[in-house]
$ cat run-v9.txt   # compact mmCIF, C-alpha atoms and all ligand atoms
# COMPACT_ATOMS: atom_id res chain seq x y z
CA MET A 1 122.73 106.91 99.42
CA ILE A 2 121.21 103.99 97.52
CA LEU A 3 123.25 102.84 94.55
CA PHE A 4 122.07 100.42 91.86
CA GLU A 5 124.93 98.85 89.90
CA ASN A 6 124.02 96.75 86.86
CA VAL A 7 120.97 95.37 88.66
CA SER A 8 118.90 92.75 86.86
CA LYS A 9 116.05 90.51 87.91
CA GLU A 10 114.73 87.42 86.18
CA TYR A 11 111.84 85.50 87.73
CA GLU A 12 112.15 83.07 84.83
CA LYS A 13 115.55 82.28 83.41
CA GLY A 14 116.32 84.32 80.31
CA LYS A 15 113.37 86.70 80.80
CA PRO A 16 114.60 89.81 82.63
CA VAL A 17 111.88 92.05 84.07
CA VAL A 18 114.54 94.50 85.28
CA SER A 19 117.54 94.82 82.98
CA ASN A 20 120.88 96.19 83.97
CA ILE A 21 119.75 99.20 85.95
CA ASN A 22 122.25 101.82 87.12
CA LEU A 23 121.13 104.72 89.25
CA GLU A 24 121.88 106.64 92.40
CA ILE A 25 119.30 107.85 94.92
CA LYS A 26 120.69 110.60 97.10
CA ASP A 27 120.18 111.04 100.84
CA GLY A 28 117.09 113.12 101.53
CA GLU A 29 115.83 112.75 97.98
CA PHE A 30 112.21 112.10 96.97
CA PHE A 31 112.79 109.64 94.14
CA VAL A 32 109.84 108.42 92.06
CA PHE A 33 109.66 105.35 89.83
CA ILE A 34 106.93 105.66 87.24
CA GLY A 35 106.02 103.63 84.19
CA PRO A 36 103.33 101.42 82.69
CA SER A 37 102.04 98.38 84.51
CA GLY A 38 104.58 95.54 84.33
CA SER A 39 107.54 97.84 83.63
CA GLY A 40 109.39 96.59 86.73
CA LYS A 41 108.78 99.40 89.25
CA THR A 42 107.63 97.27 92.17
CA THR A 43 110.30 94.66 91.55
CA THR A 44 112.94 97.40 91.62
CA LEU A 45 111.54 98.86 94.84
CA LYS A 46 111.27 95.52 96.63
CA MET A 47 114.84 94.61 95.81
CA ILE A 48 115.98 97.51 98.01
CA ASN A 49 114.75 95.90 101.24
CA ARG A 50 115.38 92.38 99.95
CA LEU A 51 111.72 91.43 99.67
CA ILE A 52 112.87 90.30 96.21
CA SER A 53 116.35 88.97 95.51
CA LEU A 54 118.60 90.30 92.75
CA THR A 55 119.56 88.02 89.88
CA SER A 56 122.73 90.00 89.20
CA GLY A 57 124.39 93.28 90.11
CA PHE A 58 124.58 95.13 93.39
CA ILE A 59 122.45 97.46 95.43
CA ARG A 60 124.47 99.39 97.98
CA ILE A 61 123.16 101.43 100.87
CA ASP A 62 125.79 103.84 102.18
CA GLY A 63 128.41 101.90 100.24
CA LYS A 64 127.62 98.46 101.68
CA PRO A 65 125.88 95.84 99.50
CA ILE A 66 122.43 95.05 100.90
CA SER A 67 123.35 91.36 101.00
CA ASP A 68 125.92 92.20 103.71
CA TYR A 69 123.31 93.70 106.05
CA ASN A 70 121.54 91.65 108.67
CA LEU A 71 118.12 91.15 107.09
CA GLN A 72 116.08 92.10 110.14
CA GLU A 73 118.15 95.19 110.74
CA LEU A 74 117.83 96.19 107.09
CA ARG A 75 114.03 95.86 107.16
CA TRP A 76 113.64 97.68 110.48
CA ASN A 77 115.72 100.54 109.17
CA ILE A 78 113.71 100.91 106.00
CA GLY A 79 110.08 102.01 106.34
CA TYR A 80 107.61 100.47 103.92
CA VAL A 81 104.16 101.68 102.87
CA LEU A 82 101.88 99.74 100.53
CA GLN A 83 98.70 100.54 98.65
CA GLN A 84 96.74 98.14 100.82
CA ILE A 85 98.13 99.08 104.19
CA ALA A 86 98.28 96.07 106.44
CA LEU A 87 97.23 97.66 109.72
CA PHE A 88 96.25 95.19 112.41
CA PRO A 89 92.51 95.73 112.80
CA ASN A 90 92.20 94.61 116.41
CA MET A 91 95.04 96.73 117.64
CA THR A 92 94.82 100.39 118.50
CA VAL A 93 96.39 103.15 116.45
CA GLU A 94 99.17 103.47 119.04
CA GLU A 95 99.87 99.73 119.08
CA ASN A 96 100.05 99.67 115.30
CA ILE A 97 102.46 102.59 115.14
CA THR A 98 104.81 101.24 117.80
CA ILE A 99 105.38 97.73 116.44
CA VAL A 100 108.94 98.39 115.25
CA PRO A 101 109.85 100.66 118.22
CA GLU A 102 108.62 97.82 120.50
CA MET A 103 110.90 95.37 118.72
CA LYS A 104 113.71 97.85 119.10
CA LYS A 105 112.90 97.99 122.83
CA TRP A 106 112.15 101.69 123.09
CA SER A 107 110.92 102.90 126.48
CA LYS A 108 107.16 103.37 127.03
CA ASP A 109 107.62 107.13 127.35
CA ASP A 110 109.60 107.42 124.15
CA MET A 111 106.96 105.46 122.27
CA LYS A 112 104.10 107.51 123.67
CA ASN A 113 105.83 110.76 122.74
CA ARG A 114 106.65 109.48 119.29
CA VAL A 115 103.00 108.56 118.65
CA THR A 116 101.89 112.02 119.77
CA GLU A 117 104.39 113.71 117.49
CA LEU A 118 103.56 111.54 114.48
CA LEU A 119 99.78 111.86 114.81
CA GLU A 120 100.14 115.63 115.06
CA SER A 121 102.34 115.70 111.98
CA VAL A 122 99.50 114.35 109.82
CA GLY A 123 96.78 116.42 111.44
CA LEU A 124 95.22 113.75 113.66
CA GLU A 125 94.46 114.82 117.22
CA PRO A 126 96.62 112.43 119.34
CA GLU A 127 94.26 111.96 122.27
CA ALA A 128 91.28 111.35 120.00
CA TYR A 129 93.07 108.76 117.90
CA ARG A 130 95.73 106.89 119.84
CA ASN A 131 93.38 104.41 121.50
CA ARG A 132 91.01 103.84 118.61
CA LYS A 133 90.91 100.52 116.79
CA THR A 134 92.20 100.97 113.26
CA SER A 135 89.18 99.13 111.83
CA GLU A 136 87.05 102.09 112.94
CA LEU A 137 89.00 104.57 110.81
CA SER A 138 88.25 105.84 107.31
CA GLY A 139 90.43 104.76 104.39
CA GLY A 140 92.24 108.10 104.37
CA GLU A 141 92.90 107.94 108.12
CA GLN A 142 94.15 104.36 107.88
CA GLN A 143 96.54 105.34 105.13
CA ARG A 144 97.83 108.22 107.29
CA ILE A 145 98.52 105.72 110.06
CA GLY A 146 100.24 103.46 107.51
CA VAL A 147 102.53 106.33 106.54
CA ILE A 148 103.43 107.36 110.07
CA ARG A 149 103.89 103.75 111.12
CA ALA A 150 106.60 103.51 108.46
CA LEU A 151 108.22 106.57 110.01
CA ALA A 152 107.85 105.43 113.61
CA ALA A 153 111.30 104.04 114.31
CA ASN A 154 112.88 106.92 112.44
CA PRO A 155 114.27 105.05 109.43
CA ASP A 156 116.44 106.98 106.99
CA ILE A 157 114.78 105.36 103.98
CA ILE A 158 111.10 104.86 103.27
CA LEU A 159 109.78 102.79 100.38
CA MET A 160 106.28 103.59 99.18
CA ASP A 161 104.48 101.42 96.64
CA GLU A 162 101.46 103.26 95.19
CA PRO A 163 100.54 104.36 98.71
CA PHE A 164 97.70 106.69 97.70
CA SER A 165 96.19 104.97 94.70
CA ALA A 166 93.21 103.54 96.59
CA LEU A 167 92.21 106.91 98.04
CA ASP A 168 89.59 109.40 96.89
CA PRO A 169 91.06 112.50 95.20
CA ILE A 170 90.76 114.79 98.22
CA SER A 171 92.33 112.39 100.73
CA LYS A 172 94.97 111.67 98.14
CA ARG A 173 95.86 115.31 97.65
CA ASN A 174 95.94 115.96 101.40
CA LEU A 175 98.15 113.01 102.10
CA GLN A 176 100.47 113.90 99.21
CA LYS A 177 100.90 117.32 100.77
CA ASP A 178 101.53 115.86 104.23
CA VAL A 179 104.12 113.42 102.92
CA ALA A 180 105.90 116.12 100.92
CA LYS A 181 106.03 118.34 104.02
CA LEU A 182 107.18 115.53 106.30
CA GLN A 183 109.90 114.50 103.91
CA LYS A 184 111.31 118.01 103.67
CA LYS A 185 111.12 118.47 107.43
CA LEU A 186 112.62 115.12 108.40
CA ASN A 187 115.02 114.90 105.46
CA LYS A 188 114.17 111.26 104.71
CA THR A 189 115.03 109.43 101.53
CA ILE A 190 111.75 108.37 99.96
CA VAL A 191 111.58 105.90 97.10
CA PHE A 192 108.10 106.05 95.68
CA VAL A 193 106.32 103.97 93.02
CA THR A 194 103.34 105.32 91.13
CA HIS A 195 101.67 105.12 87.75
CA ASP A 196 100.19 108.60 88.20
CA MET A 197 102.19 111.23 86.32
CA GLN A 198 100.59 114.14 88.18
CA GLU A 199 101.64 112.57 91.47
CA ALA A 200 105.17 111.96 90.19
CA LEU A 201 105.53 115.54 88.95
CA ALA A 202 104.11 117.02 92.13
CA LEU A 203 106.17 114.97 94.58
CA GLY A 204 109.41 113.87 92.97
CA ASP A 205 112.73 115.63 93.30
CA ARG A 206 113.66 113.28 90.49
CA ILE A 207 111.60 110.87 88.44
CA CYS A 208 112.75 107.64 86.84
CA LEU A 209 110.53 106.58 83.96
CA MET A 210 110.70 102.82 83.34
CA ASN A 211 109.58 100.74 80.41
CA ASN A 212 110.09 96.97 79.92
CA GLY A 213 112.50 96.76 82.83
CA LYS A 214 114.73 99.53 81.50
CA ILE A 215 115.18 103.18 82.35
CA GLU A 216 113.86 105.54 79.67
CA GLN A 217 114.81 108.74 81.48
CA ILE A 218 115.82 110.02 84.90
CA GLY A 219 115.46 113.70 85.67
CA THR A 220 113.77 116.40 87.68
CA PRO A 221 110.10 117.03 86.83
CA ASP A 222 111.24 120.14 85.03
CA GLU A 223 113.89 118.35 82.95
CA ILE A 224 111.52 115.56 82.00
CA GLN A 225 108.78 117.96 80.98
CA LYS A 226 111.02 120.38 79.12
CA HIS A 227 113.39 117.85 77.58
CA PRO A 228 111.70 114.48 77.15
CA LYS A 229 114.42 112.17 75.89
CA ASN A 230 112.33 110.24 73.37
CA ASP A 231 108.82 109.58 72.07
CA PHE A 232 108.03 107.14 74.84
CA VAL A 233 108.64 109.79 77.50
CA ARG A 234 106.72 112.40 75.50
CA ASN A 235 103.73 110.09 75.06
CA PHE A 236 103.76 108.97 78.66
CA LEU A 237 103.71 112.57 79.83
CA GLN A 238 100.80 113.42 77.56
CA MET A 239 98.87 110.34 78.56
CA GLY A 240 99.41 111.11 82.22
CA ILE A 241 98.00 114.58 81.86
CA SER A 242 95.01 113.60 79.73
CA GLU A 243 94.00 110.70 81.97
CA LEU A 244 92.42 113.11 84.43
CA LYS A 245 89.01 113.05 82.79
CA GLU A 246 86.92 113.02 85.94
CA THR A 247 88.58 116.10 87.42
CA PRO A 248 87.16 119.47 86.41
CA THR A 249 88.88 121.72 83.89
CA ILE A 250 89.93 125.26 84.72
CA GLN A 251 87.24 126.52 82.36
CA GLN A 252 84.51 124.58 84.18
CA LEU A 253 85.66 126.00 87.49
CA ILE A 254 85.66 129.55 86.13
CA GLU A 255 82.22 129.11 84.57
CA THR A 256 80.78 127.78 87.81
CA GLY A 257 82.34 130.62 89.80
CA GLN A 258 84.55 128.36 91.88
CA LEU A 259 87.74 129.94 90.56
CA GLU A 260 88.23 133.54 89.54
CA LEU A 261 90.76 134.94 87.14
CA SER A 262 92.82 137.93 88.09
CA GLU A 263 94.45 140.36 85.72
CA ILE A 264 97.08 139.18 83.29
CA GLU A 265 100.72 139.40 84.19
CA ASP A 266 103.64 138.24 82.07
CA SER A 267 104.93 134.77 82.83
CA GLU A 268 106.59 131.91 81.06
CA SER A 269 104.32 129.34 82.60
CA TYR A 270 100.84 129.05 81.28
CA LEU A 271 97.97 126.58 81.06
CA THR A 272 94.99 126.53 78.77
CA SER A 273 91.48 126.77 80.13
CA GLU A 274 90.94 123.14 79.08
CA ASP A 275 93.65 121.90 81.43
CA THR A 276 92.46 120.35 84.66
CA ILE A 277 92.69 121.43 88.25
CA ASP A 278 95.36 118.77 88.71
CA ALA A 279 97.57 120.46 86.13
CA LEU A 280 97.01 123.70 88.04
CA VAL A 281 98.09 122.05 91.30
CA VAL A 282 101.29 120.82 89.66
CA VAL A 283 102.22 124.19 88.19
CA LEU A 284 101.32 126.22 91.28
CA ALA A 285 103.35 123.90 93.49
CA LYS A 286 106.32 125.67 91.94
CA GLU A 287 105.04 129.05 90.72
CA GLU A 288 103.25 131.91 92.44
CA PHE A 289 100.84 132.30 89.54
CA VAL A 290 100.09 130.92 86.11
CA VAL A 291 98.68 132.64 83.02
CA ILE A 292 95.58 131.04 81.51
CA LYS A 293 95.09 131.01 77.75
CA GLU A 294 92.15 130.05 75.60
CA SER A 295 92.72 127.22 73.16
CA ASN A 296 93.32 129.86 70.44
CA GLY A 297 96.27 131.14 72.45
CA GLN A 298 94.63 134.33 73.73
CA LYS A 299 95.56 135.12 77.33
CA ILE A 300 92.48 135.56 79.48
CA GLY A 301 93.93 136.12 82.95
CA LYS A 302 96.01 134.54 85.65
CA ILE A 303 95.38 132.29 88.65
CA THR A 304 97.50 132.73 91.76
CA LYS A 305 98.58 130.15 94.29
CA GLN A 306 96.36 131.85 96.88
CA GLN A 307 93.31 131.54 94.63
CA LEU A 308 94.01 127.85 94.14
CA LEU A 309 94.43 127.33 97.89
CA ASN A 310 91.10 129.06 98.53
CA TYR A 311 89.43 126.78 96.03
CA LEU A 312 91.02 123.64 97.54
CA ALA A 313 90.04 124.72 101.05
CA HIS A 314 86.44 125.12 99.89
CA GLU A 315 86.53 121.77 98.18
CA ILE A 316 87.74 120.05 101.34
CA GLN A 317 85.07 121.79 103.39
CA ARG A 318 82.39 120.72 100.93
CA GLU A 319 83.65 117.16 101.04
CA GLN A 320 83.54 117.11 104.83
CA GLU A 321 80.02 118.56 104.88
CA SER A 322 78.82 115.94 102.43
CA VAL A 323 80.25 113.23 104.68
CA VAL A 324 78.41 114.64 107.73
CA VAL A 325 75.11 114.75 105.81
P1 LIG A 401 105.22 97.22 87.86
O1 LIG A 401 105.41 97.48 89.30
O2 LIG A 401 105.90 98.21 86.98
O3 LIG A 401 103.78 97.03 87.48
P2 LIG A 401 106.37 94.62 88.44
O4 LIG A 401 107.72 94.87 88.97
O5 LIG A 401 105.28 94.32 89.42
O6 LIG A 401 105.96 95.84 87.50
O7 LIG A 401 106.42 93.42 87.41
C1 LIG A 401 107.34 93.37 86.33
C2 LIG A 401 107.13 92.06 85.58
O8 LIG A 401 107.50 90.97 86.40
C3 LIG A 401 105.71 91.82 85.16
O9 LIG A 401 105.72 91.25 83.88
C4 LIG A 401 105.20 90.84 86.18
O10 LIG A 401 104.21 90.00 85.64
C5 LIG A 401 106.45 90.04 86.51
N1 LIG A 401 106.42 89.54 87.89
C6 LIG A 401 106.26 90.27 89.01
N2 LIG A 401 106.33 89.50 90.11
C7 LIG A 401 106.52 88.23 89.67
C8 LIG A 401 106.69 86.95 90.32
N3 LIG A 401 106.66 86.86 91.65
N4 LIG A 401 106.89 85.89 89.54
C9 LIG A 401 106.95 85.98 88.20
N5 LIG A 401 106.80 87.14 87.52
C10 LIG A 401 106.60 88.25 88.24

$ encode --input "run-v9.txt" --output "structure tokens" --more "lines below"
Ligand code: ADP
Amino acid sequence: MILFENVSKEYEKGKPVVSNINLEIKDGEFFVFIGPSGSGKTTTLKMINRLISLTSGFIRIDGKPISDYNLQELRWNIGYVLQQIALFPNMTVEENITIVPEMKKWSKDDMKNRVTELLESVGLEPEAYRNRKTSELSGGEQQRIGVIRALAANPDIILMDEPFSALDPISKRNLQKDVAKLQKKLNKTIVFVTHDMQEALALGDRICLMNNGKIEQIGTPDEIQKHPKNDFVRNFLQMGISELKETPTIQQLIETGQLELSEIEDSESYLTSEDTIDALVVVLAKEEFVVIKESNGQKIGKITKQQLLNYLAHEIQREQESVVV
């Protein structure tokens, strides 16, 4: 468990960028910090592994203040993934992944097996990838290696700072799915920073919305969406959803035959045909189907999880074909 007690940070005296934060991140939780640029998300994240020092307050991991841990031990036991992954370009995939295990003096066999297991977990064929130089990999592949490198020495906690924001939408969606699956399987605590509301809603067990170094609301995606605490939260949610201009709307996908509607069934969850595919992904991550309404409120059909998956599978295939061409 990670506990923040009255945590503040001032880079300049008298100007707090994180003000008196109190929160608890549970073991095995996927905890997301979201908020506008400059709201203090990265500072908060980096205080956990002491990349940034606290001005006042305490952060405890399993009850012990982080200042009482040996720094090297603390860092080795907390995985860290950044937007610009710092893979070593002249080293192979395997060498990159095993840096911390090497320092921890794992045996050669244990390291080899770990690399096999990790590459498989993100859909990369171990024998085809382990000896490749990381500079030869695509951005999406490099980011996958960045993620599994953070997992390599089996840390209980992984910090992720906008890890997918430099990726194209398809790689991003795939990697989001992989990370969500891995986290559930391995039961890791993930602390994740993003400015992307869709990503926060899709991945977070709980979301902490920050503004000016303070917490506006902490809650599950459902709580935040159904009961936004104030206008800031409400506006941030709306902005997050409407920012997805470049992604197609449900209506466009229906008109172009890429998505089909099936017959209406009663449900509490619905979207309008002007909502985007990303909104559909968020809703169908939790529901088996969603009812689609026109903007005048008339129900026109439903879309099931299976239909969405078919569409996404096609989209991925198309993307791969366009790369080959
Ligand atoms: P976010 O991750 O939400 O964008 P940050 O935690 O990066 O926010 O930054 C919060 C505030 O602290 C910003 O106003 C930023 O300019 C300031 N800040 C961040 N790092 C430093 C630093 N090393 N020195 C001085 N000010 C900083």

$ closest_residue --input "run-v9.txt" --among "A:Pro155, A:Gly140, A:Gly213, A:Gly219" --to "ligand LIG 401 (chain A)" --atoms "all atoms listed in the file"
A:Gly213

$ residues_near_ligand --input "run-v9.txt" --ligand "ligand LIG 401 (chain A)" --cutoff "10 Å" --atoms "only C-alpha atoms and all ligand atoms" --output "ChimeraX atom specification"
/A:9-12,15-18,33-47,52,161-162,193-195,210-213

$ closest_residue --input "run-v9.txt" --among "A:Asp62, A:Met91, A:Ile207, A:Asp266" --to "Glu136 (chain A)" --atoms "only C-alpha atoms"
A:Met91

$ residues_around --input "run-v9.txt" --residues "Pro163 (chain A)" --least-positions-apart "5" --cutoff "7 Å" --atoms "all atoms listed in the file" --output "PyMOL selection string"
chain A and resi 81-83

$ write_last_selection --input "run-v9.txt" --atoms "C-alpha atoms" --output "PDB file, in the frame of the given file"
ATOM      1  CA  VAL A  81     104.160 101.680 102.870  1.00  0.00           C
ATOM      2  CA  LEU A  82     101.880  99.740 100.530  1.00  0.00           C
ATOM      3  CA  GLN A  83      98.700 100.540  98.650  1.00  0.00           C
TER       4      GLN A  83
END

$ residues_around --input "run-v9.txt" --residues "region 225-233 of chain A" --least-positions-apart "4" --cutoff "8 Å" --atoms "only C-alpha atoms" --output "list in words"
Leu209, Glu216, Gln217, Pro221 and Leu237 of chain A
